[in-house]
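Novice: This one is run.pdb, PDB, C-alpha atoms.
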```pdb
ATOM      1  CA  MET A   1       1.463   1.779  31.407  1.00  0.00           C
ATOM      2  CA  PHE A   2      -0.012   0.221  28.245  1.00  0.00           C
ATOM      3  CA  VAL A   3      -3.384  -0.185  29.964  1.00  0.00           C
ATOM      4  CA  GLU A   4      -3.338   3.526  30.835  1.00  0.00           C
ATOM      5  CA  ILE A   5      -2.554   4.421  27.232  1.00  0.00           C
ATOM      6  CA  VAL A   6      -5.437   2.299  25.948  1.00  0.00           C
ATOM      7  CA  ARG A   7      -7.802   3.728  28.585  1.00  0.00           C
ATOM      8  CA  HIS A   8      -6.964   7.281  27.545  1.00  0.00           C
ATOM      9  CA  THR A   9      -7.455   6.574  23.850  1.00  0.00           C
ATOM     10  CA  PRO A  10     -10.615   8.324  22.609  1.00  0.00           C
ATOM     11  CA  SER A  11     -13.542   6.015  21.806  1.00  0.00           C
ATOM     12  CA  TRP A  12     -13.724   7.236  18.213  1.00  0.00           C
ATOM     13  CA  VAL A  13     -10.286   5.683  17.566  1.00  0.00           C
ATOM     14  CA  TRP A  14     -11.615   2.219  18.402  1.00  0.00           C
ATOM     15  CA  LEU A  15     -14.749   2.799  16.322  1.00  0.00           C
ATOM     16  CA  LEU A  16     -12.581   3.832  13.379  1.00  0.00           C
ATOM     17  CA  LEU A  17     -10.417   0.734  13.838  1.00  0.00           C
ATOM     18  CA  ALA A  18     -13.512  -1.491  13.934  1.00  0.00           C
ATOM     19  CA  ALA A  19     -14.875   0.071  10.724  1.00  0.00           C
ATOM     20  CA  LEU A  20     -11.513  -0.287   8.959  1.00  0.00           C
ATOM     21  CA  LEU A  21     -11.130  -3.904  10.089  1.00  0.00           C
ATOM     22  CA  TRP A  22     -14.653  -4.674   8.878  1.00  0.00           C
ATOM     23  CA  ARG A  23     -13.868  -3.164   5.461  1.00  0.00           C
ATOM     24  CA  GLY A  24     -10.493  -4.923   5.294  1.00  0.00           C
ATOM     25  CA  TYR A  25     -12.034  -8.261   6.213  1.00  0.00           C
ATOM     26  CA  GLY A  26     -14.640  -7.782   3.485  1.00  0.00           C
ATOM     27  CA  MET A  27     -11.815  -7.519   0.989  1.00  0.00           C
ATOM     28  CA  THR A  28     -10.612 -11.032   1.847  1.00  0.00           C
ATOM     29  CA  ARG A  29     -13.463 -12.466  -0.245  1.00  0.00           C
ATOM     30  CA  PRO A  30     -13.926 -12.164  -4.010  1.00  0.00           C
ATOM     31  CA  GLN A  31     -16.075  -9.186  -4.904  1.00  0.00           C
ATOM     32  CA  GLN A  32     -17.165  -6.804  -7.615  1.00  0.00           C
ATOM     33  CA  VAL A  33     -16.664  -3.103  -6.965  1.00  0.00           C
ATOM     34  CA  THR A  34     -17.390   0.112  -8.817  1.00  0.00           C
ATOM     35  CA  GLN A  35     -14.655   2.543  -9.790  1.00  0.00           C
ATOM     36  CA  SER A  36     -15.628   4.920  -7.005  1.00  0.00           C
ATOM     37  CA  ARG A  37     -15.560   2.165  -4.401  1.00  0.00           C
ATOM     38  CA  ALA A  38     -12.136   1.018  -5.628  1.00  0.00           C
ATOM     39  CA  ALA A  39     -10.883   4.596  -5.173  1.00  0.00           C
ATOM     40  CA  MET A  40     -12.395   5.032  -1.694  1.00  0.00           C
ATOM     41  CA  LEU A  41      -9.663   3.495   0.499  1.00  0.00           C
ATOM     42  CA  PRO A  42      -6.750   5.021  -1.443  1.00  0.00           C
ATOM     43  CA  ALA A  43      -8.387   8.450  -1.229  1.00  0.00           C
ATOM     44  CA  LEU A  44      -9.189   8.011   2.460  1.00  0.00           C
ATOM     45  CA  PHE A  45      -5.710   6.852   3.433  1.00  0.00           C
ATOM     46  CA  THR A  46      -3.998   9.487   1.299  1.00  0.00           C
ATOM     47  CA  ALA A  47      -6.077  12.234   2.915  1.00  0.00           C
ATOM     48  CA  LEU A  48      -5.582  10.828   6.416  1.00  0.00           C
ATOM     49  CA  SER A  49      -1.835  10.447   6.003  1.00  0.00           C
ATOM     50  CA  PHE A  50      -1.442  13.947   4.549  1.00  0.00           C
ATOM     51  CA  GLY A  51      -3.623  15.337   7.326  1.00  0.00           C
ATOM     52  CA  GLY A  52      -1.572  13.393   9.856  1.00  0.00           C
ATOM     53  CA  VAL A  53       1.653  14.974   8.651  1.00  0.00           C
ATOM     54  CA  ILE A  54       0.158  18.482   8.636  1.00  0.00           C
ATOM     55  CA  SER A  55      -1.557  18.167  12.029  1.00  0.00           C
ATOM     56  CA  THR A  56       1.462  16.569  13.678  1.00  0.00           C
ATOM     57  CA  PHE A  57       4.387  18.427  12.146  1.00  0.00           C
ATOM     58  CA  GLY A  58       2.864  21.435  10.400  1.00  0.00           C
ATOM     59  CA  ALA A  59       3.629  22.351   6.814  1.00  0.00           C
ATOM     60  CA  GLN A  60       7.360  21.672   7.093  1.00  0.00           C
ATOM     61  CA  PRO A  61       8.776  21.410   3.559  1.00  0.00           C
ATOM     62  CA  GLY A  62      10.974  18.428   4.435  1.00  0.00           C
ATOM     63  CA  ALA A  63       8.082  16.508   5.988  1.00  0.00           C
ATOM     64  CA  LEU A  64       5.813  17.224   3.013  1.00  0.00           C
ATOM     65  CA  LEU A  65       8.528  16.263   0.541  1.00  0.00           C
ATOM     66  CA  CYS A  66       9.188  12.975   2.347  1.00  0.00           C
ATOM     67  CA  TRP A  67       5.452  12.264   2.509  1.00  0.00           C
ATOM     68  CA  ALA A  68       5.052  12.896  -1.220  1.00  0.00           C
ATOM     69  CA  GLY A  69       8.172  10.892  -2.045  1.00  0.00           C
ATOM     70  CA  GLY A  70       6.985   7.924   0.006  1.00  0.00           C
ATOM     71  CA  LEU A  71       3.520   8.130  -1.548  1.00  0.00           C
ATOM     72  CA  PHE A  72       4.666   8.305  -5.154  1.00  0.00           C
ATOM     73  CA  LEU A  73       7.514   5.799  -4.892  1.00  0.00           C
ATOM     74  CA  SER A  74       5.426   3.107  -3.217  1.00  0.00           C
ATOM     75  CA  ALA A  75       2.464   3.757  -5.555  1.00  0.00           C
ATOM     76  CA  TYR A  76       4.790   3.440  -8.543  1.00  0.00           C
ATOM     77  CA  GLU A  77       6.359   0.222  -7.264  1.00  0.00           C
ATOM     78  CA  VAL A  78       2.986  -1.406  -6.571  1.00  0.00           C
ATOM     79  CA  GLN A  79       1.286  -0.333  -9.820  1.00  0.00           C
ATOM     80  CA  ARG A  80       4.161  -1.409 -12.047  1.00  0.00           C
ATOM     81  CA  ARG A  81       3.494  -5.033 -11.125  1.00  0.00           C
ATOM     82  CA  GLY A  82       0.368  -4.962 -13.273  1.00  0.00           C
ATOM     83  CA  ALA A  83      -3.116  -6.112 -12.478  1.00  0.00           C
ATOM     84  CA  PRO A  84      -3.655  -8.489  -9.564  1.00  0.00           C
ATOM     85  CA  LYS A  85      -3.890 -12.128 -10.570  1.00  0.00           C
ATOM     86  CA  GLY A  86      -7.525 -13.013 -11.123  1.00  0.00           C
ATOM     87  CA  ALA A  87      -8.756  -9.405 -11.373  1.00  0.00           C
ATOM     88  CA  ALA A  88     -10.784  -8.255 -14.363  1.00  0.00           C
ATOM     89  CA  TYR A  89     -12.594  -5.186 -15.597  1.00  0.00           C
ATOM     90  CA  LEU A  90     -16.204  -5.941 -16.491  1.00  0.00           C
ATOM     91  CA  ALA A  91     -16.989  -3.329 -19.152  1.00  0.00           C
ATOM     92  CA  GLN A  92     -20.732  -4.013 -19.315  1.00  0.00           C
ATOM     93  CA  SER A  93     -21.302  -3.343 -15.613  1.00  0.00           C
ATOM     94  CA  ARG A  94     -18.369  -0.914 -15.301  1.00  0.00           C
ATOM     95  CA  ARG A  95     -17.067  -2.838 -12.305  1.00  0.00           C
ATOM     96  CA  TYR A  96     -13.907  -4.587 -11.275  1.00  0.00           C
ATOM     97  CA  ALA A  97     -14.035  -8.264 -10.377  1.00  0.00           C
ATOM     98  CA  LEU A  98     -11.474  -8.741  -7.624  1.00  0.00           C
ATOM     99  CA  PRO A  99     -10.122 -11.873  -6.018  1.00  0.00           C
ATOM    100  CA  GLY A 100     -10.122 -11.925  -2.249  1.00  0.00           C
ATOM    101  CA  SER A 101      -6.912 -10.779  -0.600  1.00  0.00           C
ATOM    102  CA  TRP A 102      -5.640 -10.463   2.943  1.00  0.00           C
ATOM    103  CA  VAL A 103      -3.190  -7.719   1.894  1.00  0.00           C
ATOM    104  CA  PRO A 104      -5.603  -4.783   2.405  1.00  0.00           C
ATOM    105  CA  LEU A 105      -6.495  -5.983   5.898  1.00  0.00           C
ATOM    106  CA  LEU A 106      -2.831  -6.378   6.808  1.00  0.00           C
ATOM    107  CA  LEU A 107      -2.083  -2.905   5.436  1.00  0.00           C
ATOM    108  CA  ILE A 108      -4.950  -1.416   7.429  1.00  0.00           C
ATOM    109  CA  VAL A 109      -3.628  -3.005  10.628  1.00  0.00           C
ATOM    110  CA  LEU A 110      -0.094  -1.801   9.835  1.00  0.00           C
ATOM    111  CA  ILE A 111      -1.247   1.766   9.130  1.00  0.00           C
ATOM    112  CA  PHE A 112      -3.288   1.838  12.328  1.00  0.00           C
ATOM    113  CA  ALA A 113      -0.386   0.436  14.375  1.00  0.00           C
ATOM    114  CA  VAL A 114       2.084   2.984  12.970  1.00  0.00           C
ATOM    115  CA  LYS A 115      -0.312   5.905  13.474  1.00  0.00           C
ATOM    116  CA  TYR A 116      -1.243   4.752  16.980  1.00  0.00           C
ATOM    117  CA  GLY A 117       2.400   4.149  17.905  1.00  0.00           C
ATOM    118  CA  VAL A 118       3.433   7.582  16.652  1.00  0.00           C
ATOM    119  CA  GLY A 119       0.580   9.129  18.631  1.00  0.00           C
ATOM    120  CA  ILE A 120       1.729   7.357  21.801  1.00  0.00           C
ATOM    121  CA  GLN A 121       5.343   8.419  21.289  1.00  0.00           C
ATOM    122  CA  LEU A 122       4.331  12.028  20.720  1.00  0.00           C
ATOM    123  CA  ALA A 123       2.034  12.005  23.765  1.00  0.00           C
ATOM    124  CA  LEU A 124       4.894  10.704  25.921  1.00  0.00           C
ATOM    125  CA  HIS A 125       7.705  12.617  24.221  1.00  0.00           C
ATOM    126  CA  GLY A 126       6.334  15.741  22.567  1.00  0.00           C
ATOM    127  CA  GLU A 127       9.853  16.930  21.824  1.00  0.00           C
ATOM    128  CA  LEU A 128      10.027  14.327  19.027  1.00  0.00           C
ATOM    129  CA  ARG A 129       8.121  16.849  16.876  1.00  0.00           C
ATOM    130  CA  GLN A 130      11.386  18.781  16.749  1.00  0.00           C
ATOM    131  CA  VAL A 131      13.637  15.807  15.919  1.00  0.00           C
ATOM    132  CA  GLU A 132      14.198  16.030  12.171  1.00  0.00           C
ATOM    133  CA  LEU A 133      14.930  12.328  11.632  1.00  0.00           C
ATOM    134  CA  PHE A 134      11.703  11.370  13.448  1.00  0.00           C
ATOM    135  CA  VAL A 135       9.664  13.896  11.439  1.00  0.00           C
ATOM    136  CA  LEU A 136      11.102  12.740   8.109  1.00  0.00           C
ATOM    137  CA  ALA A 137      10.831   9.023   8.915  1.00  0.00           C
ATOM    138  CA  VAL A 138       7.211   9.271  10.076  1.00  0.00           C
ATOM    139  CA  SER A 139       6.243  11.447   7.109  1.00  0.00           C
ATOM    140  CA  THR A 140       7.849   9.000   4.680  1.00  0.00           C
ATOM    141  CA  ALA A 141       6.139   6.038   6.362  1.00  0.00           C
ATOM    142  CA  TYR A 142       2.731   7.731   6.214  1.00  0.00           C
ATOM    143  CA  GLY A 143       3.170   8.506   2.533  1.00  0.00           C
ATOM    144  CA  ALA A 144       4.561   5.081   1.637  1.00  0.00           C
ATOM    145  CA  LEU A 145       1.773   3.157   3.359  1.00  0.00           C
ATOM    146  CA  SER A 146      -0.881   5.272   1.648  1.00  0.00           C
ATOM    147  CA  GLY A 147       0.970   4.856  -1.632  1.00  0.00           C
ATOM    148  CA  VAL A 148       0.487   1.097  -1.467  1.00  0.00           C
ATOM    149  CA  PHE A 149      -3.288   1.602  -1.572  1.00  0.00           C
ATOM    150  CA  LEU A 150      -2.914   4.171  -4.348  1.00  0.00           C
ATOM    151  CA  GLY A 151      -0.738   1.771  -6.359  1.00  0.00           C
ATOM    152  CA  ARG A 152      -3.299  -1.005  -5.959  1.00  0.00           C
ATOM    153  CA  ALA A 153      -6.009   1.318  -7.321  1.00  0.00           C
ATOM    154  CA  LEU A 154      -3.781   2.315 -10.247  1.00  0.00           C
ATOM    155  CA  ARG A 155      -3.352  -1.370 -11.079  1.00  0.00           C
ATOM    156  CA  LEU A 156      -7.124  -1.636 -11.445  1.00  0.00           C
ATOM    157  CA  TRP A 157      -7.340   1.505 -13.552  1.00  0.00           C
ATOM    158  CA  HIS A 158      -4.713  -0.039 -15.822  1.00  0.00           C
ATOM    159  CA  LEU A 159      -6.978  -3.074 -16.244  1.00  0.00           C
ATOM    160  CA  GLN A 160      -9.763  -0.802 -17.443  1.00  0.00           C
ATOM    161  CA  ARG A 161      -7.473   1.038 -19.859  1.00  0.00           C
ATOM    162  CA  MET A 162      -6.333  -2.254 -21.359  1.00  0.00           C
ATOM    163  CA  GLU A 163      -9.948  -3.345 -21.978  1.00  0.00           C
ATOM    164  CA  GLY A 164     -10.521  -3.696 -25.691  1.00  0.00           C
ATOM    165  CA  LEU A 165      -6.863  -3.400 -26.663  1.00  0.00           C
ATOM    166  CA  THR A 166      -5.355  -6.014 -28.937  1.00  0.00           C
ATOM    167  CA  LEU A 167      -1.871  -6.717 -30.146  1.00  0.00           C
ATOM    168  CA  ASP A 168      -1.389  -6.237 -33.883  1.00  0.00           C
ATOM    169  CA  THR A 169       1.042  -9.051 -34.682  1.00  0.00           C
ATOM    170  CA  THR A 170       2.058  -7.542 -38.022  1.00  0.00           C
ATOM    171  CA  ASN A 171       3.776  -4.562 -36.451  1.00  0.00           C
ATOM    172  CA  GLY A 172       3.837  -5.445 -32.729  1.00  0.00           C
ATOM    173  CA  ARG A 173       1.751  -2.417 -31.725  1.00  0.00           C
ATOM    174  CA  ILE A 174      -1.249  -2.268 -29.477  1.00  0.00           C
ATOM    175  CA  ALA A 175      -4.480  -1.170 -31.155  1.00  0.00           C
ATOM    176  CA  ARG A 176      -8.115  -0.651 -30.101  1.00  0.00           C
TER     177      ARG A 176
END
```
Re-express the file's structure as structure tokens.
Specialist:
Amino acid sequence: MFVEIVRHTPSWVWLLLAALLWRGYGMTRPQQVTQSRAAMLPALFTALSFGGVISTFGAQPGALLCWAGGLFLSAYEVQRRGAPKGAAYLAQSRRYALPGSWVPLLLIVLIFAVKYGVGIQLALHGELRQVELFVLAVSTAYGALSGVFLGRALRLWHLQRMEGLTLDTTNGRIAR
């Protein structure tokens, strides 16, 4: 049965997976990226997850609320950890210097697996679109996984904001 599922998967799905894996693998090595490039994956995954909820379940308020809750809660949790160890904002070139990390690649694989698995389940059991727990769980998962990428981008933005700030030891306040 699995072979049949894979055979009936559109070719563009495998091309998308290959492109995402290539990008994720590239992130395993240290690199310097512009602000727009750092925002690309979070924007892409946020749009894809939101579109996935809408196209799969429609504009159900509960699904949209769970998606937004998952997105914002996971983004908040990731960004509050501060900048990644070894990352820096290079003000002169307006770029971020990033250490290599396997986390983005693992997240990409996880997002693809969840989205593909949901697609298979819905193809086999279309009635799941009407099961509230399924709708809410999938919507939350889509939002939460995208929120991890958003939180990672917010961590970088925080690095840039902190550039040029110093601690005034006389009053304990941060100054420019």
Novice: Any chance you could tabulate, as CSV, the residues of segment 122-144 of chain A at most 10 Å from segment 52-56 of chain A with each one's nearest atom pair and distance in Å to one decimal, using all atoms listed in the file, in chain and rising number order?
Specialist:
```
residue,atom,partner,partner_atom,distance
A:Leu122,CA,A:Thr56,CA,8.9
A:Arg129,CA,A:Thr56,CA,7.4
A:Val135,CA,A:Val53,CA,8.6
A:Leu136,CA,A:Val53,CA,9.7
A:Val138,CA,A:Val53,CA,8.1
A:Ser139,CA,A:Val53,CA,6.0
A:Thr140,CA,A:Val53,CA,9.5
A:Tyr142,CA,A:Val53,CA,7.7
A:Gly143,CA,A:Val53,CA,9.0
```
Novice: Which polymer residues have any atom within 12 Å of an atom of Leu106 of chain A, counting only C-alpha atoms, with same-chain residues fewer than 2 positions away left out, as a ChimeraX atom specification?
Specialist: /A:20-21,23-25,27-28,101-104,108-113,145,148-149
Novice: To one decimal place in Å, what is the distance between atom CA of Ser11 of chain A and atom CA of Tyr116 of chain A?
Specialist: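 Those two atoms sit 13.3 Å apart.
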Novice: As JSON, what would the box around segment 2-19 of chain A look like: edges along x, y and z, 4 Å added on every side, centre and edge lengths in Å to one decimal?
Specialist:
```
{"center_x": -7.4, "center_y": 3.4, "center_z": 20.8, "size_x": 22.9, "size_y": 17.8, "size_z": 28.1}
```
Novice: Grab the atom CA of Gly62 of chain A to atom CA of Ala137 of chain A distance for me, in Å with one decimal place.
Specialist: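 For atom CA of Gly62 of chain A relative to atom CA of Ala137 of chain A, the distance reads 10.4 Å.
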Novice: Taking into account only C-alpha atoms, which residue in the set A:Val3, A:Val33, A:Leu105, A:Ala43 is nearest to Ala18 of chain A?
Specialist: A:Leu105
Novice: Given the file shown, enumerate the residues that the PyMOL selection byres ((chain A and resi 73-86) around 9) captures and present them as a VMD selection string.
Specialist: chain A and resid 68 to 72 87 to 88 97 to 99 143 to 159
Novice: Mind dumping the selected residues with C-alpha atoms as a PDB file, in the frame of the given file?
Specialist:
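Saved the output as part_29.pdb:
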```
ATOM      1  CA  ALA A  68       5.052  12.896  -1.220  1.00  0.00           C
ATOM      2  CA  GLY A  69       8.172  10.892  -2.045  1.00  0.00           C
ATOM      3  CA  GLY A  70       6.985   7.924   0.006  1.00  0.00           C
ATOM      4  CA  LEU A  71       3.520   8.130  -1.548  1.00  0.00           C
ATOM      5  CA  PHE A  72       4.666   8.305  -5.154  1.00  0.00           C
ATOM      6  CA  ALA A  87      -8.756  -9.405 -11.373  1.00  0.00           C
ATOM      7  CA  ALA A  88     -10.784  -8.255 -14.363  1.00  0.00           C
ATOM      8  CA  ALA A  97     -14.035  -8.264 -10.377  1.00  0.00           C
ATOM      9  CA  LEU A  98     -11.474  -8.741  -7.624  1.00  0.00           C
ATOM     10  CA  PRO A  99     -10.122 -11.873  -6.018  1.00  0.00           C
ATOM     11  CA  GLY A 143       3.170   8.506   2.533  1.00  0.00           C
ATOM     12  CA  ALA A 144       4.561   5.081   1.637  1.00  0.00           C
ATOM     13  CA  LEU A 145       1.773   3.157   3.359  1.00  0.00           C
ATOM     14  CA  SER A 146      -0.881   5.272   1.648  1.00  0.00           C
ATOM     15  CA  GLY A 147       0.970   4.856  -1.632  1.00  0.00           C
ATOM     16  CA  VAL A 148       0.487   1.097  -1.467  1.00  0.00           C
ATOM     17  CA  PHE A 149      -3.288   1.602  -1.572  1.00  0.00           C
ATOM     18  CA  LEU A 150      -2.914   4.171  -4.348  1.00  0.00           C
ATOM     19  CA  GLY A 151      -0.738   1.771  -6.359  1.00  0.00           C
ATOM     20  CA  ARG A 152      -3.299  -1.005  -5.959  1.00  0.00           C
ATOM     21  CA  ALA A 153      -6.009   1.318  -7.321  1.00  0.00           C
ATOM     22  CA  LEU A 154      -3.781   2.315 -10.247  1.00  0.00           C
ATOM     23  CA  ARG A 155      -3.352  -1.370 -11.079  1.00  0.00           C
ATOM     24  CA  LEU A 156      -7.124  -1.636 -11.445  1.00  0.00           C
ATOM     25  CA  TRP A 157      -7.340   1.505 -13.552  1.00  0.00           C
ATOM     26  CA  HIS A 158      -4.713  -0.039 -15.822  1.00  0.00           C
ATOM     27  CA  LEU A 159      -6.978  -3.074 -16.244  1.00  0.00           C
TER      28      LEU A 159
END
```
Novice: Have a look at atom CA of Trp22 of chain A and atom CA of Ser93 of chain A and let me know their distance in Å, one decimal.
Specialist: 25.4 Å
Novice: Identify, on the basis of only C-alpha atoms, every residue whose closest approach to Val6 of chain A does not exceed 12 Å; exclude the query and any residue fewer than 6 positions from it along the same chain; express the result as a PyMOL selection string.
Specialist: chain A and resi 13-14+116-117+119-120
Novice: Counting all atoms listed in the file, which residue out of A:Phe57, A:Ala91, A:Cys66, A:Pro42 sits closest to Leu128 of chain A?
Specialist: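 Of all the options, A:Phe57 lies closest to Leu128 of chain A.
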Novice: Go through A:Phe134, A:Gln121, A:Gly100, A:Leu44 and flag the residue nearest Gly26 of chain A, using all atoms listed in the file for the distances.
Specialist: A:Gly100
